[in-house]
There are 2 protein chains.
Amino acid sequence: MTTAQRPTLEAVARRAGVSRATVSRVVNGSTTVAESIQQAVRRAVEELGYVPNLAARSLVTQRTDSVALVMPEEATRVFSDDQVFPGIIRGVSQELEAADKQLVLMLAGSPAGHQRVERYTTGRHVDGVLFASLHGEDPLPGVLSRLGIPVVCAGRPLDGAQVPYVDVDNVGGVTRAVRHLITNGRRRIATIAGPQDMVAGIERLTGYREAVAEAGLPAWEAYGDFTRESGATAMRDLLAAHPDLDAVFAASDLMAHAALRTLREAGRRVPTDVAMIGFDDIETAAYTDPPLTTVRWDIVELGRGMTRQLLRMTAGEDVEQELILPTNLVVRDSA
Amino acid sequence: MTTAQRPTLEAVARRAGVSRATVSRVVNGSTTVAESIQQAVRRAVEELGYVPNLAARSLVTQRTDSVALVMPEEATRVFSDDQVFPGIIRGVSQELEAADKQLVLMLAGSPAGHQRVERYTTGRHVDGVLFASLHGEDPLPGVLSRLGIPVVCAGRPLDGAQVPYVDVDNVGGVTRAVRHLITNGRRRIATIAGPQDMVAGIERLTGYREAVAEAGLPAWEAYGDFTRESGATAMRDLLAAHPDLDAVFAASDLMAHAALRTLREAGRRVPTDVAMIGFDDIETAAYTDPPLTTVRWDIVELGRGMTRQLLRMTAGEDVEQELILPTNLVVRDSA
DNA sequence: TTGTAAGCGTTATCAG
DNA sequence: CTGATAACGCTTACAA
């Protein structure tokens with residue numbers, strides 16, 4: 001089953017009776033080629049089914065016209081049913097499409113995967129690298145950046161690397177949520193915090209702490225990892241430790257969803273006995289019982305913002321170190 | 001902000017005092033190099049931070065060690081909160097990682113995107129192409145296949161192209177679901193079918209028709225596109241047309257979820273008045289009210305199966321035209 | 001406006 | 001076991 005030999009520039013040139021250089025010009029849209037010759041070349045390309053060999057091209061241009069989007073492998077597991085994962089991809093993809101560049105998705109969960117990412121990106125197989133939802137203090141963004149490879153992160157890098165990033169206004173969003181609870185008379189507000197090795201988890205907890213402190217209220221905390229199961233567990237812990245709580249802020253809608261169910265099982269009515277606010281505004285949020293009040297942000301826009309920054313960098317422009325996306329509170333029935 | 005010039009084989013060779021060829025051998029793990037020289041080369045590589053240029057390598061080897069996974073752009077929208085999208089990616093990624101190959105994700109929703117996929121894949125930038133959830137009669141898989149590029153599809157190609165594919169036993173799964181309903185005394189079983197331009201939508205409807213026909217029951221059909229909104233609309237239509245229905249098979253859990261809610265709003269109790277069965281067993285299925293009985297299949301395994309087939313093809317082996325994954329019924333409370 | 005020719009960084013084929 | 005040297009397919013000065 002031998003693969004048919006694909007035609008090269010050389011073949012097209014012979015067929016059109018011109019030089020390789022001329023074919024190259026036509027293929028790359030140079031305007032300095034006589035119209036008649038352009039037509040001849042195009043016909044030859046058509047007839048032979050010529051397609052440029054991208055490896056050869058990038059070898060000489062030193063560009064690949066593709067960028068990598070790196071995600072921790074867990075992203076596909078942890079966020080299995082919210083839109084974070086597909087949302088970022090879609091945003092990145094939209095912006096890249098407009099720039100006629102290619103997306104290379106890399107999952108870097110395992111140490112081996114991590115190494116492959118490093119090899120691949122330092123191997124100049126992409127023009128730049130986008131990092132999504134980092135765990136812990138991943139050194140890779142900083143390493144690549146120092147190697148001169150354009151890098152943009154989703155969320156502030158926890159290792160303090162000087163890498164441009166795009167993030168959501170986590171603190172602002174949470175503050176608004178907690179104030180909403182307070183305005184409605186809640187005084188015993190607990191939180192189900194996210195994982196403390198992720199910047200989103202850390203900042204949403206910070207926001208909660210600041211908001212309750214500001215109002216002179218106690219901080220009642222339990223921890224999850226953004227998943228449903230962890231939300232249910234945390235809710236049970238909170239009920240055991242603070243049976244008199246009258247509101248909960250959960251750092252993700254998934255955790256809020258499970259907590260809602262846990263509350264019902266414990267005989268608490270929402271929002272009469274306990275109010276609940278989530279974060280993310282995933283699609284399911286409108287379908288929970290009762291529909292979930294939550295902090296919305298535009299995840300697709302996060303992907304787009306990151307990509308725009310990166311493209312600017314690959315073009316040699318300077319970009320702001322930080323870009324923060326707004327949030328807003330979507331009030332439904334749970335609070 | 002000039003990018004530091006990366007060291008080449010040449011530089012490493014000079015530093016180690018050997019030829020380029022020898023460095024290449026060491027880098028690629030050839031055993032025919034004297035131990036002392038190997039060490040010298042490795043030290044030079046280390047000191048210089050040498051990383052092979054992948055474009056140059058693939059130019060001569062004619063391989064790229066990467067494969068493309070093509071998805072319709074809607075995949076990230078339509079399936080926004082089930083696991084189909086991340087699941088396939090995860091399966092593909094696992095299998096590729098084991099083979100030390102790279103995943104290139106391509107969204108091909110727009111015609112422009114379609115073209116880019118064609119250009120990229122025919123441009124020999126990947127060793128093979130995986131197609132996920134096709135809409136309509138996409139000619140691309142057939143085109144690439146005829147060009148000698150290894151291709152594997154998720155689901156039978158609707159245009160009849162002779163391309164190897166991996167699919168779920170849709171008909172078998174649905175049949176089992178409908179029989180379960182019948183066994184439990186249901187006789188007026190409607191269906192919320194999926195989109196009829198996707199093979200999963202078509203086959204699940206076929207399964208339903210066969211099963212009710214076999215039992216001498218009427219076929220009551222409404223159509224959706226696998227999304228929640230479409231499920232709610234279809235459920236309303238069914239209730240209007242057949243107020244006496246006592247069971248529903250929905251072709252996706254998302255549609256089943258919305259239908260559950262619509263039934264409740266219409267005052268029907270589930271499963272007392274109406275039984276409901278979905279398809280997919282997404283994570284949310286265990287959290288609906290009541291928890292959803294559904295047809296489960298292993299989506300990660302779909303991605304793995306596709307990838308294994310493709311890798312076999314790129315290695316020049318022959319593969320079966322068709323690979324069918326099993327389903328099983330997960331009985332919860334809704335039926 | 002077009003052609004010639006020099007690389008781009010590897011691997012592979014030969015000699016030695 | 002090692003080193004020249006010729007590709008691989010394309011872009012791009014530089015000439016004509």
# chains A, B, ... in the order shown; residues from 1 in each chain; ligands from 1
call {"tool": "interface_residues", "arguments": {"of": "chain A", "to": "chain D", "cutoff": "10 Å", "atoms": "only C-alpha atoms (C1' of nucleotides)", "output": "list in words"}}
result
Thr8, Leu9, Glu10, Arg20, Ala21, Ser24, Arg25, Asn28, Pro52, Asn53, Leu54, Ala55, Ala56, Arg57, Ser58, Leu59, Val60 and Thr61 of chain A
call {"tool": "select_by_dssp", "arguments": {"residues": "segment 48-200 of chain B", "states": "alpha helix (DSSP H)", "output": "MDAnalysis selection string"}}
result
chainID B and resid 48 54:61 75:78 84:98 111:122 140:146 170:183 199:200
call {"tool": "closest_atom_pairs", "arguments": {"of": "chain C", "to": "chain A", "cutoff": "9 Å", "atoms": "only C-alpha atoms (C1' of nucleotides)", "output": "JSON lines"}}
result
{"residue": "C:DT1", "atom": "C1'", "partner": "A:Val33", "partner_atom": "CA", "distance": 6.4}
{"residue": "C:DT2", "atom": "C1'", "partner": "A:Thr22", "partner_atom": "CA", "distance": 7.1}
{"residue": "C:DG3", "atom": "C1'", "partner": "A:Ser19", "partner_atom": "CA", "distance": 6.4}
{"residue": "C:DG7", "atom": "C1'", "partner": "A:Val60", "partner_atom": "CA", "distance": 8.3}
{"residue": "C:DC8", "atom": "C1'", "partner": "A:Val60", "partner_atom": "CA", "distance": 4.5}
{"residue": "C:DG9", "atom": "C1'", "partner": "A:Leu59", "partner_atom": "CA", "distance": 7.5}
call {"tool": "write_last_selection", "arguments": {"atoms": "N, CA, C and O atoms (P, O5', C5', C4', C3', O3' and C1' of nucleotides)", "output": "mmCIF file, in the first residue's frame"}}
result
data_model
loop_
_atom_site.group_PDB
_atom_site.id
_atom_site.type_symbol
_atom_site.label_atom_id
_atom_site.label_comp_id
_atom_site.auth_asym_id
_atom_site.auth_seq_id
_atom_site.Cartn_x
_atom_site.Cartn_y
_atom_site.Cartn_z
ATOM 1 P P DT C 1 6.280 43.777 -12.602
ATOM 2 O "O5'" DT C 1 6.508 42.294 -13.139
ATOM 3 C "C5'" DT C 1 5.982 41.902 -14.361
ATOM 4 C "C4'" DT C 1 6.957 40.928 -14.929
ATOM 5 C "C3'" DT C 1 6.859 39.517 -14.307
ATOM 6 O "O3'" DT C 1 6.742 38.591 -15.376
ATOM 7 C "C1'" DT C 1 9.105 40.279 -14.272
ATOM 8 P P DT C 2 6.390 37.133 -15.149
ATOM 9 O "O5'" DT C 2 7.806 36.457 -14.946
ATOM 10 C "C5'" DT C 2 8.523 36.017 -16.088
ATOM 11 C "C4'" DT C 2 9.919 35.633 -15.694
ATOM 12 C "C3'" DT C 2 10.049 34.302 -14.955
ATOM 13 O "O3'" DT C 2 10.549 33.345 -15.883
ATOM 14 C "C1'" DT C 2 11.534 35.973 -14.118
ATOM 15 P P DG C 3 10.781 31.869 -15.402
ATOM 16 O "O5'" DG C 3 12.332 31.885 -15.051
ATOM 17 C "C5'" DG C 3 13.253 32.290 -16.047
ATOM 18 C "C4'" DG C 3 14.658 32.264 -15.496
ATOM 19 C "C3'" DG C 3 15.057 30.923 -14.871
ATOM 20 O "O3'" DG C 3 16.385 30.612 -15.292
ATOM 21 C "C1'" DG C 3 15.335 32.657 -13.288
ATOM 22 P P DG C 7 25.117 29.597 0.976
ATOM 23 O "O5'" DG C 7 24.564 28.091 0.906
ATOM 24 C "C5'" DG C 7 24.063 27.495 2.094
ATOM 25 C "C4'" DG C 7 22.820 28.228 2.573
ATOM 26 C "C3'" DG C 7 22.174 27.522 3.750
ATOM 27 O "O3'" DG C 7 21.803 28.455 4.739
ATOM 28 C "C1'" DG C 7 20.646 27.624 1.922
ATOM 29 P P DC C 8 21.969 28.146 6.265
ATOM 30 O "O5'" DC C 8 20.539 27.599 6.683
ATOM 31 C "C5'" DC C 8 19.452 28.469 6.921
ATOM 32 C "C4'" DC C 8 18.218 27.630 7.155
ATOM 33 C "C3'" DC C 8 18.515 26.385 7.984
ATOM 34 O "O3'" DC C 8 18.166 26.652 9.340
ATOM 35 C "C1'" DC C 8 17.134 25.896 6.064
ATOM 36 P P DG C 9 19.227 26.339 10.504
ATOM 37 O "O5'" DG C 9 18.977 24.785 10.740
ATOM 38 C "C5'" DG C 9 17.713 24.382 11.222
ATOM 39 C "C4'" DG C 9 17.624 22.880 11.159
ATOM 40 C "C3'" DG C 9 18.751 22.151 11.898
ATOM 41 O "O3'" DG C 9 18.164 21.124 12.651
ATOM 42 C "C1'" DG C 9 18.597 21.380 9.679
#
call {"tool": "closest_residue", "arguments": {"among": "A:Glu214, A:Asp100, A:Asp281, A:Glu320", "to": "chain B", "atoms": "only C-alpha atoms"}}
result
A:Asp100
call {"tool": "residues_around", "arguments": {"residues": "Gly278 of chain B", "least_positions_apart": "2", "cutoff": "8 Å", "atoms": "only C-alpha atoms (C1' of nucleotides)", "output": "MDAnalysis selection string"}}
result
chainID B and resid 249:253 255:256 276 280:281 292:295
call {"tool": "atom_distance", "arguments": {"atom1": "atom CA of Gly136 of chain A", "atom2": "atom CA of Phe279 of chain A"}}
result
21.0 Å
call {"tool": "closest_residue", "arguments": {"among": "A:Val41, A:Ile282, A:Val26, A:Leu239", "to": "chain B", "atoms": "only C-alpha atoms"}}
result
A:Ile282
call {"tool": "select_by_dssp", "arguments": {"residues": "segment 18-254 of chain A", "states": "strand (DSSP E)", "output": "ChimeraX atom specification"}}
result
/A:66-71,102-107,128-131,151-154,165-168,189-193,220-223,247-250
call {"tool": "residues_around", "arguments": {"residues": "Gly142 of chain A", "least_positions_apart": "3", "cutoff": "8 Å", "atoms": "only C-alpha atoms (C1' of nucleotides)", "output": "PyMOL selection string"}}
result
chain A and resi 139+145-146+161-163
